[in-house]
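Shown here: upload36.cif, mmCIF, C-alpha atoms and all ligand atoms.
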data_structure
#
loop_
_atom_site.label_atom_id
_atom_site.label_comp_id
_atom_site.auth_asym_id
_atom_site.auth_seq_id
_atom_site.Cartn_x
_atom_site.Cartn_y
_atom_site.Cartn_z
CA MET A 1 83.08 -148.38 29.26
CA SER A 2 80.13 -150.59 28.43
CA LEU A 3 79.05 -150.77 24.81
CA ASP A 4 75.50 -150.60 26.12
CA GLU A 5 75.81 -147.31 27.98
CA TYR A 6 73.99 -145.62 25.08
CA ARG A 7 70.79 -147.38 26.19
CA THR A 8 70.61 -145.03 29.19
CA LEU A 9 70.83 -141.91 27.01
CA PRO A 10 68.31 -140.00 24.89
CA ALA A 11 68.15 -141.45 21.37
CA GLY A 12 66.60 -139.38 18.61
CA GLN A 13 65.04 -140.67 15.41
CA GLN A 14 64.37 -144.24 16.52
CA PRO A 15 61.33 -146.04 15.10
CA THR A 16 58.43 -146.82 17.39
CA TRP A 17 58.58 -150.61 17.04
CA PRO A 18 55.11 -151.96 17.71
CA ASP A 19 56.27 -155.15 19.45
CA VAL A 20 59.41 -155.39 21.61
CA GLY A 21 59.34 -159.19 21.50
CA VAL A 22 59.69 -159.11 17.72
CA LEU A 23 62.44 -156.52 18.03
CA GLU A 24 64.38 -158.75 20.42
CA ALA A 25 64.02 -161.75 18.10
CA ALA A 26 65.32 -159.77 15.12
CA CYS A 27 68.26 -158.41 17.15
CA THR A 28 69.12 -161.92 18.34
CA GLU A 29 69.22 -162.99 14.70
CA LEU A 30 71.43 -160.00 13.76
CA ARG A 31 73.84 -160.78 16.58
CA SER A 32 74.23 -164.33 15.27
CA LEU A 33 75.16 -163.22 11.75
CA PRO A 34 78.75 -162.70 10.63
CA PRO A 35 80.33 -159.24 10.43
CA LEU A 36 79.97 -157.46 7.07
CA VAL A 37 83.43 -155.91 7.26
CA PHE A 38 86.57 -156.74 9.17
CA ALA A 39 88.51 -154.73 11.70
CA GLY A 40 91.64 -154.77 9.54
CA GLU A 41 89.75 -153.14 6.67
CA ALA A 42 88.42 -150.40 8.93
CA ASP A 43 91.96 -149.82 10.20
CA ARG A 44 93.23 -149.54 6.64
CA LEU A 45 90.56 -146.95 5.86
CA ARG A 46 91.57 -145.08 8.98
CA THR A 47 95.15 -144.87 7.70
CA LEU A 48 93.89 -143.48 4.40
CA MET A 49 91.67 -140.98 6.24
CA ALA A 50 94.73 -139.82 8.14
CA GLN A 51 96.37 -139.06 4.80
CA ALA A 52 93.31 -137.04 3.77
CA ALA A 53 93.42 -135.11 7.05
CA ALA A 54 97.03 -134.22 6.30
CA GLY A 55 96.23 -133.06 2.76
CA GLU A 56 97.92 -136.05 1.11
CA ALA A 57 94.73 -137.69 -0.18
CA PHE A 58 91.14 -136.70 -0.94
CA VAL A 59 87.99 -138.55 0.12
CA LEU A 60 85.11 -139.18 -2.25
CA MET A 61 81.86 -140.44 -0.71
CA GLY A 62 78.85 -141.01 -2.91
CA GLY A 63 75.62 -142.92 -3.15
CA ASP A 64 71.90 -142.78 -2.56
CA CYS A 65 70.22 -140.71 0.09
CA ALA A 66 68.43 -143.93 0.95
CA GLU A 67 69.11 -147.29 -0.62
CA MET A 68 66.00 -149.34 -1.33
CA PHE A 69 65.65 -153.10 -1.27
CA VAL A 70 64.19 -153.17 -4.80
CA ASP A 71 67.23 -151.29 -6.11
CA ALA A 72 69.80 -153.79 -4.81
CA SER A 73 70.07 -155.23 -8.33
CA ALA A 74 73.24 -156.00 -10.25
CA ASP A 75 72.68 -153.24 -12.82
CA LYS A 76 71.96 -150.47 -10.35
CA ILE A 77 74.82 -151.42 -8.06
CA ARG A 78 77.23 -151.66 -11.00
CA ASN A 79 76.14 -148.24 -12.29
CA LYS A 80 76.72 -146.68 -8.89
CA ILE A 81 80.13 -148.29 -8.48
CA ARG A 82 81.12 -147.21 -11.97
CA THR A 83 80.03 -143.63 -11.26
CA ILE A 84 82.09 -143.45 -8.08
CA LEU A 85 85.13 -145.01 -9.78
CA GLN A 86 84.83 -142.67 -12.76
CA MET A 87 84.60 -139.65 -10.48
CA ALA A 88 87.63 -140.94 -8.62
CA VAL A 89 89.65 -141.30 -11.84
CA VAL A 90 88.67 -137.77 -12.87
CA LEU A 91 89.82 -136.48 -9.48
CA THR A 92 93.03 -138.51 -9.46
CA HIS A 93 93.87 -137.42 -12.98
CA GLY A 94 92.97 -133.78 -12.36
CA ALA A 95 94.63 -133.38 -9.01
CA SER A 96 97.35 -136.07 -9.05
CA MET A 97 96.23 -137.12 -5.62
CA PRO A 98 95.17 -140.50 -4.22
CA ILE A 99 91.39 -140.66 -3.84
CA VAL A 100 89.85 -142.54 -0.91
CA LYS A 101 86.65 -144.03 -2.28
CA MET A 102 83.54 -144.72 -0.21
CA GLY A 103 80.03 -145.69 -1.22
CA ARG A 104 76.98 -144.57 0.70
CA MET A 105 75.96 -148.12 0.04
CA ALA A 106 75.61 -151.61 1.47
CA GLY A 107 73.81 -150.32 4.55
CA GLN A 108 72.29 -146.87 3.87
CA TYR A 109 68.80 -148.10 4.72
CA ALA A 110 67.60 -145.84 7.57
CA LYS A 111 66.56 -142.21 7.49
CA PRO A 112 65.95 -139.46 10.05
CA ARG A 113 62.68 -137.62 9.38
CA SER A 114 61.39 -134.20 10.39
CA SER A 115 58.13 -135.73 11.65
CA ASP A 116 57.27 -139.09 13.13
CA VAL A 117 54.06 -139.24 11.09
CA GLU A 118 52.82 -138.25 7.66
CA THR A 119 49.26 -137.18 6.85
CA ARG A 120 47.69 -137.46 3.41
CA GLU A 121 44.05 -136.63 2.79
CA GLY A 122 43.12 -137.06 6.42
CA LEU A 123 45.00 -140.34 6.89
CA THR A 124 47.94 -140.23 9.35
CA LEU A 125 50.55 -143.00 9.23
CA PRO A 126 54.11 -143.45 10.53
CA ALA A 127 56.67 -141.59 8.39
CA TYR A 128 58.83 -143.64 6.03
CA ARG A 129 62.11 -144.18 7.92
CA GLY A 130 64.02 -146.17 5.32
CA ASP A 131 63.68 -149.73 4.08
CA ALA A 132 65.33 -151.10 7.23
CA VAL A 133 62.28 -149.89 9.16
CA ASN A 134 59.18 -149.78 6.95
CA ALA A 135 58.11 -149.54 3.31
CA HIS A 136 57.57 -146.34 1.35
CA GLU A 137 54.07 -147.08 0.09
CA PHE A 138 51.40 -145.07 1.93
CA THR A 139 49.32 -147.85 3.49
CA PRO A 140 49.01 -148.84 7.16
CA GLU A 141 50.63 -152.25 6.48
CA ALA A 142 53.57 -150.81 4.54
CA ARG A 143 54.29 -148.06 7.06
CA ARG A 144 54.17 -150.29 10.12
CA PRO A 145 57.77 -150.56 11.46
CA ASP A 146 58.96 -154.18 11.23
CA PRO A 147 62.23 -155.14 12.99
CA TRP A 148 62.75 -158.05 10.59
CA ARG A 149 63.40 -155.45 7.91
CA MET A 150 66.72 -154.78 9.70
CA VAL A 151 67.62 -158.40 9.07
CA GLU A 152 66.68 -157.99 5.43
CA ALA A 153 68.80 -154.80 5.31
CA TYR A 154 71.72 -156.87 6.58
CA HIS A 155 71.28 -159.47 3.81
CA ARG A 156 70.86 -156.83 1.09
CA SER A 157 73.97 -155.12 2.40
CA ALA A 158 75.88 -158.40 2.33
CA ALA A 159 74.83 -159.04 -1.28
CA THR A 160 75.71 -155.48 -2.29
CA LEU A 161 79.08 -155.66 -0.60
CA ASN A 162 79.77 -158.97 -2.28
CA LEU A 163 79.22 -157.37 -5.67
CA VAL A 164 81.33 -154.35 -4.69
CA ARG A 165 84.16 -156.68 -3.76
CA ALA A 166 83.78 -158.64 -6.99
CA PHE A 167 83.78 -155.54 -9.17
CA THR A 168 86.67 -153.87 -7.44
CA MET A 169 88.86 -156.98 -7.18
CA GLY A 170 87.78 -158.96 -10.24
CA GLY A 171 89.11 -156.83 -13.10
CA PHE A 172 86.21 -154.42 -13.72
CA ALA A 173 88.02 -151.64 -11.88
CA ASP A 174 91.32 -152.15 -13.74
CA LEU A 175 92.52 -148.68 -14.61
CA ARG A 176 93.35 -149.92 -18.10
CA GLN A 177 89.58 -150.23 -18.63
CA VAL A 178 88.68 -146.59 -17.87
CA ALA A 179 87.74 -145.81 -21.45
CA SER A 180 85.38 -148.76 -21.68
CA TRP A 181 83.53 -147.77 -18.50
CA ASN A 182 81.73 -145.10 -20.45
CA ARG A 183 80.73 -147.11 -23.48
CA GLY A 184 77.06 -146.89 -24.32
CA PHE A 185 76.55 -143.31 -23.27
CA MET A 186 75.29 -140.68 -25.64
CA ALA A 187 77.20 -137.57 -26.66
CA ASN A 188 77.18 -134.96 -23.93
CA PRO A 189 79.78 -132.40 -22.82
CA ALA A 190 80.52 -134.23 -19.59
CA TYR A 191 80.97 -137.50 -21.46
CA ALA A 192 83.08 -135.94 -24.21
CA ARG A 193 85.34 -134.56 -21.53
CA TYR A 194 85.48 -137.96 -19.87
CA GLU A 195 86.44 -139.66 -23.15
CA GLU A 196 89.25 -137.17 -23.63
CA MET A 197 90.57 -137.80 -20.15
CA ALA A 198 90.23 -141.57 -20.58
CA ASP A 199 92.37 -141.30 -23.75
CA GLU A 200 95.03 -139.46 -21.78
CA VAL A 201 94.97 -142.10 -19.05
CA ASP A 202 95.26 -144.80 -21.74
CA ARG A 203 98.25 -143.06 -23.26
CA ALA A 204 99.92 -142.70 -19.88
CA VAL A 205 99.30 -146.37 -19.13
CA SER A 206 100.72 -147.43 -22.54
CA PHE A 207 103.75 -145.26 -21.90
CA MET A 208 104.32 -146.93 -18.55
CA ALA A 209 103.82 -150.37 -20.12
CA ALA A 210 106.43 -149.52 -22.74
CA CYS A 211 108.79 -148.60 -19.90
CA GLY A 212 108.19 -152.03 -18.34
CA ALA A 213 106.10 -150.81 -15.39
CA ASP A 214 104.29 -153.21 -13.10
CA PHE A 215 100.52 -152.84 -13.13
CA GLU A 216 99.49 -154.77 -10.05
CA ALA A 217 98.38 -151.55 -8.34
CA LEU A 218 96.09 -150.63 -11.21
CA LYS A 219 94.13 -153.87 -11.24
CA THR A 220 92.11 -153.47 -8.08
CA VAL A 221 90.72 -150.61 -6.02
CA ASP A 222 89.45 -150.22 -2.50
CA LEU A 223 85.86 -149.07 -2.33
CA PHE A 224 84.78 -148.79 1.28
CA SER A 225 81.21 -148.92 2.58
CA ALA A 226 79.61 -146.16 4.65
CA HIS A 227 76.21 -145.24 6.04
CA GLU A 228 74.54 -143.15 8.70
CA ALA A 229 74.63 -145.02 12.01
CA LEU A 230 71.03 -144.22 12.83
CA LEU A 231 69.31 -147.40 14.03
CA LEU A 232 70.99 -148.12 17.32
CA ASP A 233 69.59 -151.66 17.58
CA TYR A 234 71.11 -152.54 14.21
CA GLU A 235 74.49 -150.91 14.82
CA ARG A 236 74.81 -152.41 18.31
CA ALA A 237 73.97 -155.90 17.04
CA LEU A 238 76.74 -155.63 14.45
CA THR A 239 79.29 -154.24 16.87
CA ARG A 240 81.86 -156.95 17.55
CA ILE A 241 85.05 -157.31 19.53
CA ASP A 242 88.10 -157.83 17.33
CA SER A 243 89.85 -160.94 18.59
CA ARG A 244 93.27 -159.58 17.61
CA SER A 245 93.17 -156.22 19.38
CA GLY A 246 90.30 -156.67 21.83
CA ARG A 247 88.77 -153.46 20.51
CA ALA A 248 85.15 -152.98 19.41
CA TYR A 249 84.29 -152.31 15.77
CA ASP A 250 80.93 -151.58 14.22
CA CYS A 251 81.13 -154.25 11.55
CA SER A 252 78.06 -153.05 9.61
CA ALA A 253 80.33 -150.83 7.47
CA HIS A 254 83.87 -149.52 7.25
CA PHE A 255 82.83 -145.94 7.99
CA LEU A 256 79.83 -144.73 9.99
CA TRP A 257 78.58 -141.23 10.44
CA VAL A 258 76.22 -139.49 12.83
CA GLY A 259 73.67 -137.22 11.17
CA GLU A 260 72.99 -133.57 11.81
CA ARG A 261 69.81 -134.47 13.71
CA THR A 262 71.32 -136.99 16.12
CA ARG A 263 74.71 -135.48 16.91
CA GLU A 264 73.99 -134.31 20.49
CA VAL A 265 77.17 -134.87 22.39
CA ASP A 266 75.28 -136.43 25.35
CA GLY A 267 73.07 -138.51 23.10
CA ALA A 268 73.00 -142.21 22.37
CA HIS A 269 74.46 -142.05 18.84
CA VAL A 270 77.62 -140.21 19.76
CA ASN A 271 77.99 -142.43 22.82
CA LEU A 272 77.84 -145.70 20.85
CA LEU A 273 80.22 -144.50 18.14
CA SER A 274 82.64 -143.17 20.74
CA LYS A 275 83.26 -146.80 21.72
CA VAL A 276 84.01 -148.33 18.32
CA SER A 277 87.34 -148.08 16.54
CA ASN A 278 86.11 -147.45 12.99
CA PRO A 279 86.87 -144.15 11.31
CA ILE A 280 83.72 -142.09 11.85
CA GLY A 281 82.09 -138.87 10.72
CA VAL A 282 79.72 -136.28 12.08
CA LYS A 283 77.53 -134.09 9.90
CA ILE A 284 77.39 -130.46 10.95
CA GLY A 285 74.96 -127.84 9.68
CA PRO A 286 74.89 -124.04 9.80
CA ARG A 287 73.47 -123.83 13.34
CA VAL A 288 76.37 -125.66 14.98
CA THR A 289 78.56 -123.59 17.31
CA ALA A 290 82.33 -123.82 17.73
CA GLU A 291 81.69 -125.13 21.28
CA ASP A 292 79.46 -127.88 19.90
CA VAL A 293 82.13 -128.89 17.41
CA LEU A 294 84.85 -128.97 20.04
CA ALA A 295 82.63 -131.05 22.31
CA ILE A 296 82.03 -133.50 19.44
CA VAL A 297 85.76 -133.69 18.77
CA ARG A 298 86.51 -134.38 22.46
CA ALA A 299 83.76 -137.01 22.72
CA LEU A 300 84.61 -138.94 19.59
CA ASP A 301 88.33 -138.41 19.31
CA PRO A 302 89.69 -137.69 22.79
CA GLU A 303 93.24 -138.59 21.76
CA GLY A 304 93.35 -136.77 18.45
CA ALA A 305 94.09 -140.01 16.63
CA PRO A 306 94.95 -139.44 12.96
CA GLY A 307 92.15 -140.51 10.63
CA ARG A 308 89.64 -141.19 13.39
CA LEU A 309 87.24 -138.31 12.82
CA ALA A 310 85.75 -136.60 9.78
CA LEU A 311 83.63 -133.47 10.08
CA ILE A 312 81.17 -133.40 7.20
CA THR A 313 79.99 -129.84 6.71
CA ARG A 314 76.63 -129.12 5.05
CA MET A 315 76.15 -125.42 5.52
CA GLY A 316 74.33 -124.31 2.37
CA ALA A 317 75.98 -122.41 -0.46
CA ASP A 318 74.80 -119.07 0.92
CA ARG A 319 76.19 -119.69 4.43
CA VAL A 320 79.36 -121.72 4.01
CA ARG A 321 81.75 -118.79 3.54
CA GLU A 322 80.48 -117.14 6.70
CA VAL A 323 79.83 -120.02 9.12
CA LEU A 324 82.63 -122.46 8.27
CA PRO A 325 85.74 -120.31 9.00
CA PRO A 326 85.20 -119.86 12.76
CA LEU A 327 84.61 -123.61 13.16
CA VAL A 328 87.73 -124.56 11.23
CA GLU A 329 89.76 -122.05 13.22
CA ALA A 330 88.46 -123.28 16.57
CA VAL A 331 89.33 -126.87 15.71
CA ARG A 332 92.76 -125.87 14.50
CA GLU A 333 93.39 -123.82 17.64
CA ALA A 334 92.50 -126.88 19.69
CA GLY A 335 95.37 -128.61 17.90
CA ARG A 336 93.16 -131.03 15.99
CA GLU A 337 93.28 -132.15 12.39
CA PRO A 338 90.05 -133.98 11.46
CA VAL A 339 89.22 -134.71 7.84
CA TRP A 340 87.06 -131.83 6.62
CA ILE A 341 84.54 -133.14 4.11
CA CYS A 342 82.07 -131.04 2.12
CA ASP A 343 78.49 -132.28 1.75
CA PRO A 344 77.10 -129.74 -0.74
CA MET A 345 73.71 -131.48 -0.90
CA HIS A 346 71.91 -131.20 2.42
CA GLY A 347 72.14 -127.45 2.95
CA ASN A 348 70.77 -126.79 -0.53
CA THR A 349 67.48 -128.62 -0.80
CA ILE A 350 64.58 -126.67 -2.33
CA SER A 351 61.04 -127.37 -3.56
CA SER A 352 59.94 -127.08 -7.15
CA GLY A 353 56.25 -127.80 -7.55
CA SER A 354 55.71 -131.05 -5.71
CA TYR A 355 59.36 -132.09 -6.06
CA LYS A 356 62.15 -131.84 -3.54
CA THR A 357 65.19 -130.87 -5.59
CA ARG A 358 68.56 -129.08 -5.63
CA ARG A 359 70.25 -126.85 -8.16
CA PHE A 360 73.45 -128.08 -9.75
CA GLU A 361 74.94 -124.58 -9.65
CA THR A 362 74.20 -124.18 -5.95
CA ILE A 363 75.84 -127.52 -5.21
CA ILE A 364 78.97 -126.42 -7.08
CA ASP A 365 78.89 -123.08 -5.27
CA GLU A 366 79.00 -124.75 -1.86
CA VAL A 367 81.94 -126.91 -2.95
CA ARG A 368 83.69 -123.78 -4.19
CA GLY A 369 82.98 -121.97 -0.89
CA PHE A 370 84.34 -124.93 1.05
CA PHE A 371 87.60 -124.86 -0.95
CA GLU A 372 87.88 -121.08 -0.59
CA VAL A 373 87.52 -121.26 3.19
CA HIS A 374 90.18 -123.95 3.55
CA ARG A 375 92.55 -122.27 1.09
CA THR A 376 92.21 -118.97 2.97
CA LEU A 377 92.84 -120.56 6.36
CA GLY A 378 95.61 -122.85 5.16
CA THR A 379 93.71 -126.00 6.24
CA HIS A 380 93.03 -129.02 4.03
CA PRO A 381 89.83 -129.52 2.05
CA GLY A 382 89.74 -133.26 2.67
CA GLY A 383 86.82 -134.63 0.72
CA LEU A 384 83.47 -134.52 -0.94
CA HIS A 385 80.23 -136.25 0.11
CA VAL A 386 77.46 -136.38 -2.49
CA GLU A 387 74.15 -138.07 -3.15
CA LEU A 388 74.26 -139.72 -6.54
CA THR A 389 73.02 -142.59 -8.59
CA GLY A 390 74.57 -144.22 -11.63
CA ASP A 391 71.33 -143.93 -13.56
CA ASP A 392 69.96 -141.26 -15.82
CA VAL A 393 67.45 -139.81 -13.34
CA THR A 394 66.14 -136.23 -13.35
CA GLU A 395 66.15 -135.15 -9.72
CA VAL A 396 68.66 -132.26 -9.58
CA LEU A 397 68.04 -129.10 -11.65
CA GLY A 398 70.70 -127.87 -14.07
CA GLY A 399 73.94 -129.42 -15.25
CA SER A 400 75.09 -129.38 -18.84
CA GLU A 401 71.97 -131.25 -19.97
CA THR A 402 69.95 -128.54 -18.24
CA ILE A 403 67.22 -130.39 -16.43
CA ASP A 404 64.53 -127.75 -15.91
CA GLU A 405 61.44 -127.66 -13.74
CA GLN A 406 59.33 -129.60 -16.25
CA GLY A 407 62.19 -132.04 -16.79
CA LEU A 408 62.09 -133.22 -13.17
CA ALA A 409 58.96 -135.25 -13.86
CA ARG A 410 60.70 -137.29 -16.56
CA ARG A 411 62.55 -139.62 -14.28
CA TYR A 412 62.23 -138.66 -10.64
CA GLU A 413 62.81 -141.89 -8.71
CA THR A 414 64.23 -141.09 -5.30
CA SER A 415 62.09 -141.86 -2.27
CA VAL A 416 63.90 -139.31 -0.12
CA ASP A 417 66.48 -136.72 -1.31
CA PRO A 418 67.28 -135.79 -4.94
CA ARG A 419 70.48 -137.30 -6.37
CA LEU A 420 72.95 -136.23 -9.00
CA ASN A 421 72.57 -138.45 -12.06
CA HIS A 422 75.53 -140.14 -13.72
CA GLN A 423 76.39 -137.25 -15.96
CA GLN A 424 75.96 -134.56 -13.28
CA SER A 425 78.21 -136.63 -11.01
CA LEU A 426 80.99 -136.58 -13.61
CA GLU A 427 80.56 -132.82 -13.99
CA VAL A 428 80.93 -132.34 -10.24
CA ALA A 429 84.10 -134.43 -10.36
CA PHE A 430 85.61 -132.34 -13.19
CA GLN A 431 84.84 -129.10 -11.35
CA ALA A 432 86.11 -130.38 -8.01
CA ALA A 433 89.29 -131.65 -9.69
CA GLU A 434 89.97 -128.11 -10.89
CA MET A 435 89.41 -126.70 -7.42
CA LEU A 436 91.66 -129.36 -5.92
CA ARG A 437 94.44 -128.55 -8.37
CA ALA A 438 94.18 -124.78 -7.87
C1 LIG B 501 71.67 -137.58 4.71
O1 LIG B 501 72.91 -137.66 4.60
O2 LIG B 501 70.88 -138.12 3.92
C2 LIG B 501 71.14 -136.73 5.80
C3 LIG B 501 69.95 -136.94 6.35
O3 LIG B 501 71.97 -135.74 6.12
P1 LIG B 501 72.07 -134.73 7.35
O4 LIG B 501 72.25 -135.57 8.57
O5 LIG B 501 73.29 -133.93 7.02
O6 LIG B 501 70.82 -133.91 7.35
MN MN B 502 69.88 -137.19 2.09
#
What would you get if you wrote out this structure as structure tokens?
Ligand code: PEP
Ligand code: MN
Amino acid sequence: MSLDEYRTLPAGQQPTWPDVGVLEAACTELRSLPPLVFAGEADRLRTLMAQAAAGEAFVLMGGDCAEMFVDASADKIRNKIRTILQMAVVLTHGASMPIVKMGRMAGQYAKPRSSDVETREGLTLPAYRGDAVNAHEFTPEARRPDPWRMVEAYHRSAATLNLVRAFTMGGFADLRQVASWNRGFMANPAYARYEEMADEVDRAVSFMAACGADFEALKTVDLFSAHEALLLDYERALTRIDSRSGRAYDCSAHFLWVGERTREVDGAHVNLLSKVSNPIGVKIGPRVTAEDVLAIVRALDPEGAPGRLALITRMGADRVREVLPPLVEAVREAGREPVWICDPMHGNTISSGSYKTRRFETIIDEVRGFFEVHRTLGTHPGGLHVELTGDDVTEVLGGSETIDEQGLARRYETSVDPRLNHQQSLEVAFQAAEMLRA
């Protein structure tokens, strides 16, 4: 069971590196660097994922479509962390359920693209494949894939993770601070609702304090890192053998997923992830068949180990109620209980003028469809996977501040897919909390 077997298999969505000697040098450097996460942490996440699979916890995954090196700043990272933690408090409060928190961060630097090249005004250059591969700017120099960018992605990820650990362990995440997390925001229905909920949490905490409760558990949170395991050279270089158990872990993040475009069961991505012990996910879109899903389940989770596998469904709001039920039933009939996670973003991308966007209402509708399907079948809606940022961007249409088609231009900053802004993220959390409670 060689970790390198994937090298003999077809691998989609890999960059065309111009110089293999440079690639080898960068990979040698990556192999010499310390792991970003530890096996014990990945195991702990796996235990929590098992609870989500059994309907005893709910997973929240959020972050950028693609992180960018320039955005790995203290403010932007803090805003993202705060958004995820606020959403998690809303969900915990609304549904009285533990929330497993994961950031699409500290490693989300590589993107699959529909074409290998991009042409503008007669000039054809390599497509932007994420900051770990090339730069977004449309010049021959910027678009040339450079393996040393993977090393930079590692260092940016390390710095990001360091800040995540500081924020979540150093007092910022203390539940007694929930009200202060929102200070500085203007009046808005989503914020007003958040303030109200924060007051209730404060009152509950004061009540417990008066009863002499111990607050150790409220002081820190676990926020796990996750990204798409797309660049095989990067993921392989960070795959390490745990000295305690002798098992392999992909130490680039706690949780890795395979994207919709690289999930072939005989392909390199599934093969590499089948050999690591992290909890892992696979994205599945509306064209997947029940046979495909069962083959994925057998390849990645042959033993049916609790918490090992998450199936992240991204069907589109108009398809989810029709295409999801037969898949869920087939998996259940096979005796398996993966974590079912709803990605309401990737099946609902539209164009408005020159912008790639999504409608808030459509996003909510897919989440609602996902809950309906699982409620009808008696299976567990296990989590939510969204693209978000902690900033006040205008990339998704709608929400209570009603970003309209003209409004998109105001602050459209993503280099790939449109993200929920801070306030839209809170609104999604309030709505999902209601669905979870129902
Ligand atoms: C993504 O998560 O940004 C992505 C490319 O998703 P998918 O693989 O579901 O298309
Ligand atoms: Mn995306």
Of the listed residues A:Pro126, A:Gly335, A:Pro279, A:Pro306, that which approaches Asp250 in chain A most closely, counting only C-alpha atoms: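 Residue with the minimum atom-to-atom distance to Asp250 in chain A: A:Pro279.
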Contacts with ligand MN 502 (chain B) at most 9 Å, all atoms listed in the file counted, listed as a PyMOL selection string: chain A and resi 64-66+111+345-346+386-387+416-419
Range 34-40 of chain A surroundings by all atoms listed in the file, 8 Å radius, close-in-sequence under 4 positions cut, as a ChimeraX atom specification: /A:44,157-158,161,238,240,242,249,251-254,278
Which protein, DNA or RNA residues have an atom within 10 Å of ligand LIG 501 (chain B), counting all atoms listed in the file, as a PDB file with C-alpha atoms, in the coordinates of the input?
ATOM      1  CA  GLY A  63      75.620-142.920  -3.150  1.00  0.00           C
ATOM      2  CA  ASP A  64      71.900-142.780  -2.560  1.00  0.00           C
ATOM      3  CA  CYS A  65      70.220-140.710   0.090  1.00  0.00           C
ATOM      4  CA  ALA A  66      68.430-143.930   0.950  1.00  0.00           C
ATOM      5  CA  ARG A 104      76.980-144.570   0.700  1.00  0.00           C
ATOM      6  CA  GLN A 108      72.290-146.870   3.870  1.00  0.00           C
ATOM      7  CA  ALA A 110      67.600-145.840   7.570  1.00  0.00           C
ATOM      8  CA  LYS A 111      66.560-142.210   7.490  1.00  0.00           C
ATOM      9  CA  PRO A 112      65.950-139.460  10.050  1.00  0.00           C
ATOM     10  CA  ARG A 113      62.680-137.620   9.380  1.00  0.00           C
ATOM     11  CA  SER A 114      61.390-134.200  10.390  1.00  0.00           C
ATOM     12  CA  HIS A 227      76.210-145.240   6.040  1.00  0.00           C
ATOM     13  CA  GLU A 228      74.540-143.150   8.700  1.00  0.00           C
ATOM     14  CA  LEU A 230      71.030-144.220  12.830  1.00  0.00           C
ATOM     15  CA  TRP A 257      78.580-141.230  10.440  1.00  0.00           C
ATOM     16  CA  VAL A 258      76.220-139.490  12.830  1.00  0.00           C
ATOM     17  CA  GLY A 259      73.670-137.220  11.170  1.00  0.00           C
ATOM     18  CA  GLU A 260      72.990-133.570  11.810  1.00  0.00           C
ATOM     19  CA  ARG A 261      69.810-134.470  13.710  1.00  0.00           C
ATOM     20  CA  THR A 262      71.320-136.990  16.120  1.00  0.00           C
ATOM     21  CA  ARG A 263      74.710-135.480  16.910  1.00  0.00           C
ATOM     22  CA  VAL A 282      79.720-136.280  12.080  1.00  0.00           C
ATOM     23  CA  LYS A 283      77.530-134.090   9.900  1.00  0.00           C
ATOM     24  CA  ILE A 284      77.390-130.460  10.950  1.00  0.00           C
ATOM     25  CA  GLY A 285      74.960-127.840   9.680  1.00  0.00           C
ATOM     26  CA  ILE A 312      81.170-133.400   7.200  1.00  0.00           C
ATOM     27  CA  THR A 313      79.990-129.840   6.710  1.00  0.00           C
ATOM     28  CA  ARG A 314      76.630-129.120   5.050  1.00  0.00           C
ATOM     29  CA  MET A 315      76.150-125.420   5.520  1.00  0.00           C
ATOM     30  CA  ASP A 343      78.490-132.280   1.750  1.00  0.00           C
ATOM     31  CA  PRO A 344      77.100-129.740  -0.740  1.00  0.00           C
ATOM     32  CA  MET A 345      73.710-131.480  -0.900  1.00  0.00           C
ATOM     33  CA  HIS A 346      71.910-131.200   2.420  1.00  0.00           C
ATOM     34  CA  GLY A 347      72.140-127.450   2.950  1.00  0.00           C
ATOM     35  CA  HIS A 385      80.230-136.250   0.110  1.00  0.00           C
ATOM     36  CA  VAL A 386      77.460-136.380  -2.490  1.00  0.00           C
ATOM     37  CA  GLU A 387      74.150-138.070  -3.150  1.00  0.00           C
ATOM     38  CA  VAL A 416      63.900-139.310  -0.120  1.00  0.00           C
ATOM     39  CA  ASP A 417      66.480-136.720  -1.310  1.00  0.00           C
ATOM     40  CA  PRO A 418      67.280-135.790  -4.940  1.00  0.00           C
TER      41      PRO A 418
END
Can you check which parts of range 277-377 of chain A lie within 7 Å of range 390-411 of chain A? Per residue, the shortest pair of atoms and distance in Å to one decimal, counting all atoms listed in the file, sorted by chain and number, as CSV.
residue,atom,partner,partner_atom,distance
A:Ser352,CA,A:Glu405,CA,6.8
A:Thr357,CA,A:Val396,CA,5.5
A:Arg358,CA,A:Val396,CA,5.1
A:Arg359,CA,A:Leu397,CA,4.7
A:Phe360,CA,A:Gly398,CA,5.1
A:Glu361,CA,A:Gly398,CA,7.0
Nearest candidate to Ala429 in chain A (options A:Leu311, A:Ile364, A:Asp43, A:Tyr355; using all atoms listed in the file):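 Distance minimum relative to Ala429 in chain A lands on A:Ile364.
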Nearest-residue call for Gln86 in chain A, choices A:Glu152, A:Glu329, A:Glu195, A:Glu216, using only C-alpha atoms: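 Checking each of A:Glu152, A:Glu329, A:Glu195, A:Glu216 against Gln86 in chain A, counting only C-alpha atoms, the winner is A:Glu195.
When CA of Glu372 in chain A is paired with CA of Ala433 in chain A, their separation reads 14.0 Å.
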Nearest-residue call for Asp233 in chain A, choices A:Arg203, A:His380, A:His269, A:Arg82, using all atoms listed in the file: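 Under the stated criterion, the closest residue is A:His269.
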Range 290-304 of chain A environment, 7 Å, all atoms listed in the file, sequence neighbours closer than 6 positions dropped, as a list in words: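 My list of contacting residues is Val265, Ser274, Pro326, Leu327, Ala330, Val331 and Arg336 of chain A.
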Using only C-alpha atoms: which of A:Gly62, A:Gly267, A:Gly21, A:Pro145 has the shortest distance to Thr83 in chain A: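 The answer is A:Gly62, which sits nearest to Thr83 in chain A.
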